[in-house]
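With mmCIF, C-alpha atoms, pLDDT in the B column; chains and numbers go by the auth columns inside, this is work11.cif:
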data_start
#
loop_
_atom_site.group_PDB
_atom_site.id
_atom_site.type_symbol
_atom_site.label_atom_id
_atom_site.label_comp_id
_atom_site.label_asym_id
_atom_site.label_seq_id
_atom_site.Cartn_x
_atom_site.Cartn_y
_atom_site.Cartn_z
_atom_site.B_iso_or_equiv
_atom_site.auth_seq_id
_atom_site.auth_asym_id
ATOM 1 C CA MET A 1 26.198 -14.007 104.284 83.00 20 A
ATOM 2 C CA PRO A 2 28.741 -14.896 101.526 83.00 21 A
ATOM 3 C CA TYR A 3 32.292 -13.658 102.116 87.00 22 A
ATOM 4 C CA ARG A 4 32.229 -11.609 98.917 90.00 23 A
ATOM 5 C CA GLU A 5 29.052 -9.851 99.980 91.00 24 A
ATOM 6 C CA LYS A 6 30.731 -8.924 103.262 93.00 25 A
ATOM 7 C CA THR A 7 33.724 -7.444 101.419 94.00 26 A
ATOM 8 C CA ALA A 8 31.364 -5.492 99.146 95.00 27 A
ATOM 9 C CA TRP A 9 29.584 -4.085 102.225 95.00 28 A
ATOM 10 C CA LEU A 10 32.984 -3.178 103.678 96.00 29 A
ATOM 11 C CA SER A 11 33.977 -1.299 100.513 95.00 30 A
ATOM 12 C CA LEU A 12 30.648 0.552 100.448 95.00 31 A
ATOM 13 C CA ILE A 13 30.929 1.555 104.109 95.00 32 A
ATOM 14 C CA ALA A 14 34.562 2.651 103.694 96.00 33 A
ATOM 15 C CA MET A 15 33.562 4.771 100.702 94.00 34 A
ATOM 16 C CA VAL A 16 30.687 6.452 102.550 94.00 35 A
ATOM 17 C CA LEU A 17 32.729 7.059 105.726 95.00 36 A
ATOM 18 C CA THR A 18 35.654 8.655 103.909 95.00 37 A
ATOM 19 C CA PHE A 19 34.439 10.309 100.726 94.00 38 A
ATOM 20 C CA GLY A 20 31.072 11.287 102.239 93.00 39 A
ATOM 21 C CA PRO A 21 32.733 13.816 104.592 93.00 40 A
ATOM 22 C CA TYR A 22 35.234 14.795 101.878 93.00 41 A
ATOM 23 C CA PHE A 23 32.538 15.799 99.390 91.00 42 A
ATOM 24 C CA THR A 24 30.450 17.439 102.143 91.00 43 A
ATOM 25 C CA ILE A 25 33.399 19.661 103.093 89.00 44 A
ATOM 26 C CA VAL A 26 34.156 20.409 99.441 86.00 45 A
ATOM 27 C CA ALA A 27 30.510 21.323 98.767 85.00 46 A
ATOM 28 C CA MET A 28 30.234 23.568 101.838 85.00 47 A
ATOM 29 C CA ARG A 29 33.248 25.765 101.167 80.00 48 A
ATOM 30 C CA SER A 30 34.414 27.254 97.912 72.00 49 A
ATOM 31 C CA VAL A 31 37.624 25.669 96.732 65.00 50 A
ATOM 32 C CA PRO A 32 40.140 27.985 95.024 67.00 51 A
ATOM 33 C CA GLY A 33 40.505 26.727 91.489 61.00 52 A
ATOM 34 C CA ALA A 34 44.231 27.312 91.193 66.00 53 A
ATOM 35 C CA LEU A 35 46.536 24.300 91.170 66.00 54 A
ATOM 36 C CA PRO A 36 48.246 23.100 93.242 73.00 55 A
ATOM 37 C CA ASN A 37 46.093 23.662 96.316 79.00 56 A
ATOM 38 C CA VAL A 38 47.981 21.978 99.142 83.00 57 A
ATOM 39 C CA ARG A 39 45.079 22.219 101.618 83.00 58 A
ATOM 40 C CA GLN A 40 42.680 20.557 99.178 83.00 59 A
ATOM 41 C CA LEU A 41 45.296 17.963 98.287 87.00 60 A
ATOM 42 C CA GLY A 42 45.785 17.277 102.022 89.00 61 A
ATOM 43 C CA LEU A 43 42.043 16.785 102.506 90.00 62 A
ATOM 44 C CA PHE A 44 41.972 14.307 99.632 91.00 63 A
ATOM 45 C CA ALA A 45 45.021 12.496 101.050 94.00 64 A
ATOM 46 C CA VAL A 46 43.316 12.167 104.446 95.00 65 A
ATOM 47 C CA ALA A 47 40.187 10.683 102.803 94.00 66 A
ATOM 48 C CA ALA A 48 42.226 8.268 100.660 95.00 67 A
ATOM 49 C CA ILE A 49 44.443 7.117 103.537 97.00 68 A
ATOM 50 C CA ALA A 50 41.433 6.718 105.857 96.00 69 A
ATOM 51 C CA GLN A 51 39.748 4.573 103.198 95.00 70 A
ATOM 52 C CA MET A 52 42.852 2.395 102.852 96.00 71 A
ATOM 53 C CA LEU A 53 43.077 1.947 106.628 97.00 72 A
ATOM 54 C CA ILE A 54 39.373 1.018 106.963 96.00 73 A
ATOM 55 C CA LEU A 55 39.667 -1.440 104.066 96.00 74 A
ATOM 56 C CA GLY A 56 42.878 -2.959 105.445 96.00 75 A
ATOM 57 C CA ALA A 57 41.503 -3.417 108.967 96.00 76 A
ATOM 58 C CA GLY A 58 38.145 -4.634 107.625 95.00 77 A
ATOM 59 C CA HIS A 59 39.659 -7.248 105.320 94.00 78 A
ATOM 60 C CA LEU A 60 41.911 -8.468 108.135 94.00 79 A
ATOM 61 C CA TYR A 61 38.901 -8.808 110.451 94.00 80 A
ATOM 62 C CA LEU A 62 36.826 -10.628 107.819 93.00 81 A
ATOM 63 C CA ARG A 63 39.682 -12.999 106.958 92.00 82 A
ATOM 64 C CA ARG A 64 40.126 -13.892 110.619 92.00 83 A
ATOM 65 C CA GLY A 65 36.399 -14.549 110.942 88.00 84 A
ATOM 66 C CA SER A 66 36.204 -16.945 107.995 86.00 85 A
ATOM 67 C CA PRO A 67 39.666 -17.895 106.700 87.00 86 A
ATOM 68 C CA GLN A 68 38.295 -20.802 104.642 83.00 87 A
ATOM 69 C CA ASP A 69 35.850 -18.553 102.743 82.00 88 A
ATOM 70 C CA ALA A 70 38.571 -15.967 102.167 84.00 89 A
ATOM 71 C CA ARG A 71 40.783 -18.584 100.499 86.00 90 A
ATOM 72 C CA THR A 72 38.003 -20.013 98.315 84.00 91 A
ATOM 73 C CA PRO A 73 38.321 -18.733 94.729 88.00 92 A
ATOM 74 C CA PRO A 74 35.203 -17.075 93.226 90.00 93 A
ATOM 75 C CA ASP A 75 32.765 -19.568 91.704 92.00 94 A
ATOM 76 C CA GLU A 76 30.560 -19.092 88.623 94.00 95 A
ATOM 77 C CA ARG A 77 27.865 -17.172 90.559 93.00 96 A
ATOM 78 C CA ASP A 78 30.460 -14.834 92.077 93.00 97 A
ATOM 79 C CA ARG A 79 31.934 -14.218 88.625 94.00 98 A
ATOM 80 C CA ALA A 80 28.473 -13.572 87.101 94.00 99 A
ATOM 81 C CA ILE A 81 27.702 -11.036 89.845 95.00 100 A
ATOM 82 C CA MET A 82 31.104 -9.405 89.325 94.00 101 A
ATOM 83 C CA ARG A 83 30.515 -9.101 85.554 95.00 102 A
ATOM 84 C CA ARG A 84 27.077 -7.532 86.099 94.00 103 A
ATOM 85 C CA SER A 85 28.351 -5.053 88.684 96.00 104 A
ATOM 86 C CA ILE A 86 31.348 -3.987 86.590 96.00 105 A
ATOM 87 C CA SER A 87 29.222 -3.448 83.479 95.00 106 A
ATOM 88 C CA SER A 88 26.751 -1.299 85.479 95.00 107 A
ATOM 89 C CA ALA A 89 29.576 0.764 86.966 96.00 108 A
ATOM 90 C CA TYR A 90 31.173 1.167 83.537 96.00 109 A
ATOM 91 C CA TYR A 91 28.173 3.162 82.249 95.00 110 A
ATOM 92 C CA VAL A 92 28.319 5.521 85.241 95.00 111 A
ATOM 93 C CA LEU A 93 32.052 5.989 84.796 95.00 112 A
ATOM 94 C CA ILE A 94 31.916 6.574 81.028 95.00 113 A
ATOM 95 C CA VAL A 95 29.115 9.180 81.358 94.00 114 A
ATOM 96 C CA GLY A 96 31.080 10.847 84.162 93.00 115 A
ATOM 97 C CA MET A 97 34.285 10.939 82.162 93.00 116 A
ATOM 98 C CA ILE A 98 32.499 12.418 79.123 93.00 117 A
ATOM 99 C CA VAL A 99 31.058 15.182 81.334 92.00 118 A
ATOM 100 C CA VAL A 100 34.319 15.791 83.179 90.00 119 A
ATOM 101 C CA GLY A 101 36.669 15.472 80.218 89.00 120 A
ATOM 102 C CA CYS A 102 34.626 16.911 77.362 90.00 121 A
ATOM 103 C CA VAL A 103 32.080 19.317 78.875 89.00 122 A
ATOM 104 C CA MET A 104 33.530 20.740 82.097 87.00 123 A
ATOM 105 C CA PRO A 105 36.778 22.162 80.587 86.00 124 A
ATOM 106 C CA PHE A 106 34.609 24.754 78.762 87.00 125 A
ATOM 107 C CA SER A 107 33.072 26.067 81.983 86.00 126 A
ATOM 108 C CA SER A 108 35.316 25.063 84.912 81.00 127 A
ATOM 109 C CA SER A 109 38.944 24.511 85.798 79.00 128 A
ATOM 110 C CA GLY A 110 41.328 23.225 88.456 82.00 129 A
ATOM 111 C CA TRP A 111 39.875 21.515 91.511 84.00 130 A
ATOM 112 C CA SER A 112 36.288 21.754 90.230 86.00 131 A
ATOM 113 C CA ILE A 113 37.197 19.338 87.457 89.00 132 A
ATOM 114 C CA ILE A 114 39.269 17.135 89.772 88.00 133 A
ATOM 115 C CA ASN A 115 36.469 16.912 92.335 89.00 134 A
ATOM 116 C CA ALA A 116 33.869 16.229 89.644 91.00 135 A
ATOM 117 C CA ALA A 117 36.067 13.397 88.367 93.00 136 A
ATOM 118 C CA LEU A 118 36.366 12.064 91.928 92.00 137 A
ATOM 119 C CA VAL A 119 32.571 12.228 92.361 93.00 138 A
ATOM 120 C CA MET A 120 32.095 10.155 89.223 94.00 139 A
ATOM 121 C CA ILE A 121 34.745 7.608 90.224 95.00 140 A
ATOM 122 C CA VAL A 122 33.192 7.248 93.692 95.00 141 A
ATOM 123 C CA ALA A 123 29.698 7.034 92.139 95.00 142 A
ATOM 124 C CA ALA A 124 30.890 4.265 89.796 96.00 143 A
ATOM 125 C CA GLU A 125 32.423 2.387 92.742 95.00 144 A
ATOM 126 C CA VAL A 126 29.231 2.778 94.785 95.00 145 A
ATOM 127 C CA VAL A 127 27.218 1.385 91.842 96.00 146 A
ATOM 128 C CA HIS A 128 29.747 -1.458 91.476 96.00 147 A
ATOM 129 C CA TYR A 129 29.579 -2.565 95.117 96.00 148 A
ATOM 130 C CA GLY A 130 25.874 -1.709 95.387 95.00 149 A
ATOM 131 C CA VAL A 131 25.043 -4.083 92.512 95.00 150 A
ATOM 132 C CA VAL A 132 27.200 -6.793 94.137 95.00 151 A
ATOM 133 C CA VAL A 133 25.340 -6.446 97.460 95.00 152 A
ATOM 134 C CA LEU A 134 21.909 -6.309 95.775 94.00 153 A
ATOM 135 C CA SER A 135 22.668 -9.354 93.615 93.00 154 A
ATOM 136 C CA TYR A 136 23.735 -11.448 96.620 92.00 155 A
ATOM 137 C CA ARG A 137 20.680 -10.227 98.610 91.00 156 A
ATOM 138 C CA ARG A 138 18.311 -11.237 95.782 85.00 157 A
ATOM 139 C CA GLN A 139 19.881 -14.689 95.449 80.00 158 A
ATOM 140 C CA THR A 140 19.932 -15.527 99.146 71.00 159 A
ATOM 141 C CA MET B 1 9.872 -15.971 73.605 74.00 5 B
ATOM 142 C CA MET B 2 8.866 -19.019 75.601 75.00 6 B
ATOM 143 C CA GLU B 3 8.499 -18.139 79.266 82.00 7 B
ATOM 144 C CA GLY B 4 9.075 -20.455 82.167 82.00 8 B
ATOM 145 C CA SER B 5 11.283 -21.258 85.104 84.00 9 B
ATOM 146 C CA ILE B 6 13.803 -23.883 86.126 86.00 10 B
ATOM 147 C CA SER B 7 13.012 -26.056 89.113 89.00 11 B
ATOM 148 C CA ASN B 8 15.157 -28.758 90.644 93.00 12 B
ATOM 149 C CA ARG B 9 15.125 -31.745 93.012 93.00 13 B
ATOM 150 C CA ILE B 10 18.512 -31.129 94.584 95.00 14 B
ATOM 151 C CA ARG B 11 17.189 -30.917 98.163 93.00 15 B
ATOM 152 C CA THR B 12 15.396 -34.268 97.816 94.00 16 B
ATOM 153 C CA LEU B 13 18.373 -35.885 96.093 95.00 17 B
ATOM 154 C CA ARG B 14 20.732 -34.695 98.819 94.00 18 B
ATOM 155 C CA PHE B 15 18.390 -36.225 101.382 93.00 19 B
ATOM 156 C CA HIS B 16 18.374 -39.565 99.554 92.00 20 B
ATOM 157 C CA ASN B 17 22.171 -39.504 99.305 90.00 21 B
ATOM 158 C CA GLY B 18 22.900 -39.761 102.982 89.00 22 B
ATOM 159 C CA GLU B 19 21.798 -36.215 103.882 90.00 23 B
ATOM 160 C CA MET B 20 24.646 -34.799 101.847 93.00 24 B
ATOM 161 C CA SER B 21 25.302 -31.244 102.983 94.00 25 B
ATOM 162 C CA GLN B 22 25.156 -28.223 100.681 94.00 26 B
ATOM 163 C CA ALA B 23 28.815 -27.597 101.487 92.00 27 B
ATOM 164 C CA GLU B 24 29.800 -31.130 100.429 94.00 28 B
ATOM 165 C CA LEU B 25 27.856 -30.917 97.171 95.00 29 B
ATOM 166 C CA GLY B 26 29.363 -27.501 96.527 94.00 30 B
ATOM 167 C CA GLN B 27 32.850 -28.828 97.147 92.00 31 B
ATOM 168 C CA ARG B 28 32.300 -31.731 94.739 93.00 32 B
ATOM 169 C CA ILE B 29 31.204 -29.509 91.853 94.00 33 B
ATOM 170 C CA GLY B 30 33.455 -26.521 92.640 92.00 34 B
ATOM 171 C CA VAL B 31 31.016 -23.893 93.928 93.00 35 B
ATOM 172 C CA THR B 32 30.328 -22.410 97.355 91.00 36 B
ATOM 173 C CA ARG B 33 27.671 -23.591 99.827 90.00 37 B
ATOM 174 C CA GLN B 34 25.793 -20.330 99.252 90.00 38 B
ATOM 175 C CA THR B 35 25.617 -21.001 95.509 93.00 39 B
ATOM 176 C CA ILE B 36 24.121 -24.452 96.124 95.00 40 B
ATOM 177 C CA ALA B 37 21.574 -22.825 98.473 93.00 41 B
ATOM 178 C CA ALA B 38 20.704 -20.250 95.779 93.00 42 B
ATOM 179 C CA ILE B 39 20.326 -22.994 93.129 94.00 43 B
ATOM 180 C CA GLU B 40 18.109 -25.091 95.424 94.00 44 B
ATOM 181 C CA ALA B 41 15.905 -22.100 96.155 91.00 45 B
ATOM 182 C CA GLY B 42 15.561 -21.409 92.418 90.00 46 B
ATOM 183 C CA LYS B 43 17.181 -17.994 92.813 90.00 47 B
ATOM 184 C CA TYR B 44 20.183 -18.765 90.653 91.00 48 B
ATOM 185 C CA SER B 45 20.240 -20.823 87.448 91.00 49 B
ATOM 186 C CA PRO B 46 23.546 -22.692 87.231 93.00 50 B
ATOM 187 C CA SER B 47 25.619 -22.919 84.067 94.00 51 B
ATOM 188 C CA LEU B 48 25.059 -25.976 81.916 94.00 52 B
ATOM 189 C CA GLU B 49 28.407 -27.343 83.070 95.00 53 B
ATOM 190 C CA ALA B 50 27.536 -26.946 86.774 95.00 54 B
ATOM 191 C CA ALA B 51 24.129 -28.540 86.145 95.00 55 B
ATOM 192 C CA PHE B 52 25.781 -31.565 84.486 96.00 56 B
ATOM 193 C CA ARG B 53 28.251 -31.819 87.362 95.00 57 B
ATOM 194 C CA ILE B 54 25.409 -31.848 89.909 96.00 58 B
ATOM 195 C CA ALA B 55 23.581 -34.550 87.950 96.00 59 B
ATOM 196 C CA GLN B 56 26.813 -36.559 87.785 95.00 60 B
ATOM 197 C CA VAL B 57 27.215 -36.401 91.583 95.00 61 B
ATOM 198 C CA PHE B 58 23.775 -38.017 91.960 95.00 62 B
ATOM 199 C CA ASN B 59 24.453 -40.375 89.046 94.00 63 B
ATOM 200 C CA LEU B 60 21.292 -39.250 87.265 94.00 64 B
ATOM 201 C CA PRO B 61 20.506 -37.751 83.858 95.00 65 B
ATOM 202 C CA LEU B 62 20.207 -33.960 83.839 94.00 66 B
ATOM 203 C CA GLU B 63 16.425 -33.932 83.314 93.00 67 B
ATOM 204 C CA GLU B 64 15.890 -35.882 86.535 93.00 68 B
ATOM 205 C CA VAL B 65 17.601 -33.158 88.513 94.00 69 B
ATOM 206 C CA PHE B 66 16.471 -30.017 86.681 94.00 70 B
ATOM 207 C CA GLN B 67 13.097 -29.398 85.078 92.00 71 B
ATOM 208 C CA TRP B 68 11.883 -26.631 82.793 89.00 72 B
ATOM 209 C CA ASP B 69 8.399 -25.497 83.788 83.00 73 B
ATOM 210 C CA ALA B 70 7.020 -23.732 80.734 82.00 74 B
ATOM 211 C CA LYS B 71 4.286 -21.157 81.282 77.00 75 B
ATOM 212 C CA ALA B 72 1.341 -21.064 78.906 62.00 76 B
ATOM 213 C CA THR B 73 1.701 -18.100 76.512 59.00 77 B
ATOM 214 C CA HIS B 74 -0.939 -16.600 74.215 56.00 78 B
#
In structure tokens, how does this file's structure come out?
Amino acid sequence: MPYREKTAWLSLIAMVLTFGPYFTIVAMRSVPGALPNVRQLGLFAVAAIAQMLILGAGHLYLRRGSPQDARTPPDERDRAIMRRSISSAYYVLIVGMIVVGCVMPFSSSGWSIINAALVMIVAAEVVHYGVVVLSYRRQT
Amino acid sequence: MMEGSISNRIRTLRFHNGEMSQAELGQRIGVTRQTIAAIEAGKYSPSLEAAFRIAQVFNLPLEEVFQWDAKATH
């Protein structure tokens, strides 16, 4: 498996393990809309820090496993896959930002808007890394 | 639009060049071993520059390494 596919898997797993529970908790209990909401902010901080820790430990582990691959700069196929994945994620992000920034302010406020924005950012990232993984799988 | 696919003789040419490894060929043209494997399997079409580099490694013209197999269209 190419090194860059492994790092894409790592990012996907870290995203699911951290923001999966975050959004589940947010969906299950009603979040007071008023800002600032320290408890909600704390929950988000826990998810973000957990993601950073998983990514840090994962990258360290992968680098130790194949230091040569980690040092190799991306080649033309890696760059083509990266371009495709970023352009796919861009569409998700732009639609999300239109909804969050232009539509939601008329009907929602506070943490509802923040969490909707987070959902769209996470969705765009999942599409980004998902396309990377799929592209490498198809070309292997 | 004309339909078709690109095939190549890289596996055979590597064999005839002292069983050159995919990693070695990749190193000589500046791509990873996995990219050479994908090109050989016809799952990735290299850039024109990479294709010329591969042909140069084997000291052959491009068309002896890569072939365009056109499909009959109505």
Target residues per the PyMOL selection byres ((chain A) within 8 of (chain B)), formatted as a ChimeraX atom specification: /A:21,94-96,157-159
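Between CA of Ile14 (chain B) and CA of Val69 (chain B) the separation is 6.5 Å.
CA of Val145 (chain A) lies 14.5 Å from CA of Ile113 (chain A).
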Could you name the residues that touch Trp28 (chain A) at 9 Å or less, counting only C-alpha atoms, but leaving out those on the same chain fewer than 5 positions away, as a PyMOL selection string? chain A and resi 23+33+148-149+151-152
Taking 5 positions as the minimum chain separation for residues in the same chain, which residues sit within 9 Å of region 40-42 of chain A when counting only C-alpha atoms? Answer as a PyMOL selection string. chain A and resi 35+47+62-63+65-66+134+138
For the provided coordinates, the residues matched by the PyMOL selection byres ((chain A and resi 68-81) around 7) should be stated as a PDB file with C-alpha atoms, keeping the file's coordinate frame.
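Okay, this is what ended up in expr_14.pdb:
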ATOM      1  CA  LEU A  29      32.984  -3.178 103.678  1.00 96.00           C
ATOM      2  CA  SER A  30      33.977  -1.299 100.513  1.00 95.00           C
ATOM      3  CA  ALA A  33      34.562   2.651 103.694  1.00 96.00           C
ATOM      4  CA  MET A  34      33.562   4.771 100.702  1.00 94.00           C
ATOM      5  CA  THR A  37      35.654   8.655 103.909  1.00 95.00           C
ATOM      6  CA  ALA A  64      45.021  12.496 101.050  1.00 94.00           C
ATOM      7  CA  VAL A  65      43.316  12.167 104.446  1.00 95.00           C
ATOM      8  CA  ALA A  66      40.187  10.683 102.803  1.00 94.00           C
ATOM      9  CA  ALA A  67      42.226   8.268 100.660  1.00 95.00           C
ATOM     10  CA  ARG A  82      39.682 -12.999 106.958  1.00 92.00           C
ATOM     11  CA  ARG A  83      40.126 -13.892 110.619  1.00 92.00           C
ATOM     12  CA  GLY A  84      36.399 -14.549 110.942  1.00 88.00           C
ATOM     13  CA  SER A  85      36.204 -16.945 107.995  1.00 86.00           C
TER      14      SER A  85
END
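The space separating CA of Ser11 (chain B) from CA of Arg57 (chain B) comes to 16.4 Å.
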Please evaluate the PyMOL selection byres ((chain A and resi 115-125) around 12) against the displayed coordinates and give the resulting residues as a VMD selection string. chain A and resid 108 to 114 126 to 143
Would you mind writing region 106-136 of chain A with N, CA and C atoms, as a PDB file, keeping the file's coordinate frame?
ATOM      1  N   SER A 106      29.824  -4.055  84.670  1.00 95.00           N
ATOM      2  CA  SER A 106      29.222  -3.448  83.479  1.00 95.00           C
ATOM      3  C   SER A 106      28.292  -2.301  83.873  1.00 95.00           C
ATOM      4  N   SER A 107      27.603  -2.410  85.023  1.00 95.00           N
ATOM      5  CA  SER A 107      26.751  -1.299  85.479  1.00 95.00           C
ATOM      6  C   SER A 107      27.611  -0.090  85.837  1.00 95.00           C
ATOM      7  N   ALA A 108      28.707  -0.331  86.542  1.00 96.00           N
ATOM      8  CA  ALA A 108      29.576   0.764  86.966  1.00 96.00           C
ATOM      9  C   ALA A 108      30.256   1.425  85.765  1.00 96.00           C
ATOM     10  N   TYR A 109      30.516   0.644  84.729  1.00 96.00           N
ATOM     11  CA  TYR A 109      31.173   1.167  83.537  1.00 96.00           C
ATOM     12  C   TYR A 109      30.358   2.310  82.924  1.00 96.00           C
ATOM     13  N   TYR A 110      29.027   2.123  82.854  1.00 95.00           N
ATOM     14  CA  TYR A 110      28.173   3.162  82.249  1.00 95.00           C
ATOM     15  C   TYR A 110      28.233   4.455  83.053  1.00 95.00           C
ATOM     16  N   VAL A 111      28.232   4.336  84.385  1.00 95.00           N
ATOM     17  CA  VAL A 111      28.319   5.521  85.241  1.00 95.00           C
ATOM     18  C   VAL A 111      29.657   6.226  85.001  1.00 95.00           C
ATOM     19  N   LEU A 112      30.712   5.430  84.953  1.00 95.00           N
ATOM     20  CA  LEU A 112      32.052   5.989  84.796  1.00 95.00           C
ATOM     21  C   LEU A 112      32.224   6.660  83.426  1.00 95.00           C
ATOM     22  N   ILE A 113      31.721   6.028  82.379  1.00 95.00           N
ATOM     23  CA  ILE A 113      31.916   6.574  81.028  1.00 95.00           C
ATOM     24  C   ILE A 113      31.135   7.878  80.867  1.00 95.00           C
ATOM     25  N   VAL A 114      29.901   7.934  81.410  1.00 94.00           N
ATOM     26  CA  VAL A 114      29.115   9.180  81.358  1.00 94.00           C
ATOM     27  C   VAL A 114      29.850  10.267  82.144  1.00 94.00           C
ATOM     28  N   GLY A 115      30.345   9.896  83.326  1.00 93.00           N
ATOM     29  CA  GLY A 115      31.080  10.847  84.162  1.00 93.00           C
ATOM     30  C   GLY A 115      32.314  11.382  83.467  1.00 93.00           C
ATOM     31  N   MET A 116      33.051  10.508  82.817  1.00 93.00           N
ATOM     32  CA  MET A 116      34.285  10.939  82.162  1.00 93.00           C
ATOM     33  C   MET A 116      33.995  11.816  80.942  1.00 93.00           C
ATOM     34  N   ILE A 117      32.878  11.553  80.260  1.00 93.00           N
ATOM     35  CA  ILE A 117      32.499  12.418  79.123  1.00 93.00           C
ATOM     36  C   ILE A 117      32.184  13.826  79.642  1.00 93.00           C
ATOM     37  N   VAL A 118      31.417  13.880  80.747  1.00 92.00           N
ATOM     38  CA  VAL A 118      31.058  15.182  81.334  1.00 92.00           C
ATOM     39  C   VAL A 118      32.313  15.905  81.817  1.00 92.00           C
ATOM     40  N   VAL A 119      33.134  15.174  82.571  1.00 90.00           N
ATOM     41  CA  VAL A 119      34.319  15.791  83.179  1.00 90.00           C
ATOM     42  C   VAL A 119      35.383  16.153  82.124  1.00 90.00           C
ATOM     43  N   GLY A 120      35.582  15.266  81.178  1.00 89.00           N
ATOM     44  CA  GLY A 120      36.669  15.472  80.218  1.00 89.00           C
ATOM     45  C   GLY A 120      36.291  16.281  78.996  1.00 89.00           C
ATOM     46  N   CYS A 121      35.016  16.251  78.609  1.00 90.00           N
ATOM     47  CA  CYS A 121      34.626  16.911  77.362  1.00 90.00           C
ATOM     48  C   CYS A 121      33.746  18.144  77.569  1.00 90.00           C
ATOM     49  N   VAL A 122      33.010  18.204  78.666  1.00 89.00           N
ATOM     50  CA  VAL A 122      32.080  19.317  78.875  1.00 89.00           C
ATOM     51  C   VAL A 122      32.652  20.336  79.871  1.00 89.00           C
ATOM     52  N   MET A 123      33.104  19.826  81.023  1.00 87.00           N
ATOM     53  CA  MET A 123      33.530  20.740  82.097  1.00 87.00           C
ATOM     54  C   MET A 123      34.699  21.667  81.735  1.00 87.00           C
ATOM     55  N   PRO A 124      35.672  21.245  80.908  1.00 86.00           N
ATOM     56  CA  PRO A 124      36.778  22.162  80.587  1.00 86.00           C
ATOM     57  C   PRO A 124      36.324  23.479  79.953  1.00 86.00           C
ATOM     58  N   PHE A 125      35.102  23.513  79.372  1.00 87.00           N
ATOM     59  CA  PHE A 125      34.609  24.754  78.762  1.00 87.00           C
ATOM     60  C   PHE A 125      34.049  25.723  79.802  1.00 87.00           C
ATOM     61  N   SER A 126      33.715  25.194  80.990  1.00 86.00           N
ATOM     62  CA  SER A 126      33.072  26.067  81.983  1.00 86.00           C
ATOM     63  C   SER A 126      33.810  26.108  83.329  1.00 86.00           C
ATOM     64  N   SER A 127      34.645  25.116  83.601  1.00 81.00           N
ATOM     65  CA  SER A 127      35.316  25.063  84.912  1.00 81.00           C
ATOM     66  C   SER A 127      36.804  24.809  84.731  1.00 81.00           C
ATOM     67  N   SER A 128      37.500  24.825  85.863  1.00 79.00           N
ATOM     68  CA  SER A 128      38.944  24.511  85.798  1.00 79.00           C
ATOM     69  C   SER A 128      39.428  24.019  87.157  1.00 79.00           C
ATOM     70  N   GLY A 129      40.663  23.600  87.211  1.00 82.00           N
ATOM     71  CA  GLY A 129      41.328  23.225  88.456  1.00 82.00           C
ATOM     72  C   GLY A 129      40.589  22.182  89.280  1.00 82.00           C
ATOM     73  N   TRP A 130      40.439  22.491  90.571  1.00 84.00           N
ATOM     74  CA  TRP A 130      39.875  21.515  91.511  1.00 84.00           C
ATOM     75  C   TRP A 130      38.416  21.170  91.226  1.00 84.00           C
ATOM     76  N   SER A 131      37.688  22.072  90.570  1.00 86.00           N
ATOM     77  CA  SER A 131      36.288  21.754  90.230  1.00 86.00           C
ATOM     78  C   SER A 131      36.251  20.512  89.344  1.00 86.00           C
ATOM     79  N   ILE A 132      37.153  20.486  88.376  1.00 89.00           N
ATOM     80  CA  ILE A 132      37.197  19.338  87.457  1.00 89.00           C
ATOM     81  C   ILE A 132      37.695  18.091  88.194  1.00 89.00           C
ATOM     82  N   ILE A 133      38.717  18.282  89.031  1.00 88.00           N
ATOM     83  CA  ILE A 133      39.269  17.135  89.772  1.00 88.00           C
ATOM     84  C   ILE A 133      38.194  16.543  90.691  1.00 88.00           C
ATOM     85  N   ASN A 134      37.498  17.408  91.413  1.00 89.00           N
ATOM     86  CA  ASN A 134      36.469  16.912  92.335  1.00 89.00           C
ATOM     87  C   ASN A 134      35.290  16.277  91.594  1.00 89.00           C
ATOM     88  N   ALA A 135      34.950  16.833  90.443  1.00 91.00           N
ATOM     89  CA  ALA A 135      33.869  16.229  89.644  1.00 91.00           C
ATOM     90  C   ALA A 135      34.288  14.826  89.184  1.00 91.00           C
ATOM     91  N   ALA A 136      35.560  14.717  88.770  1.00 93.00           N
ATOM     92  CA  ALA A 136      36.067  13.397  88.367  1.00 93.00           C
ATOM     93  C   ALA A 136      36.027  12.431  89.543  1.00 93.00           C
TER      94      ALA A 136
END
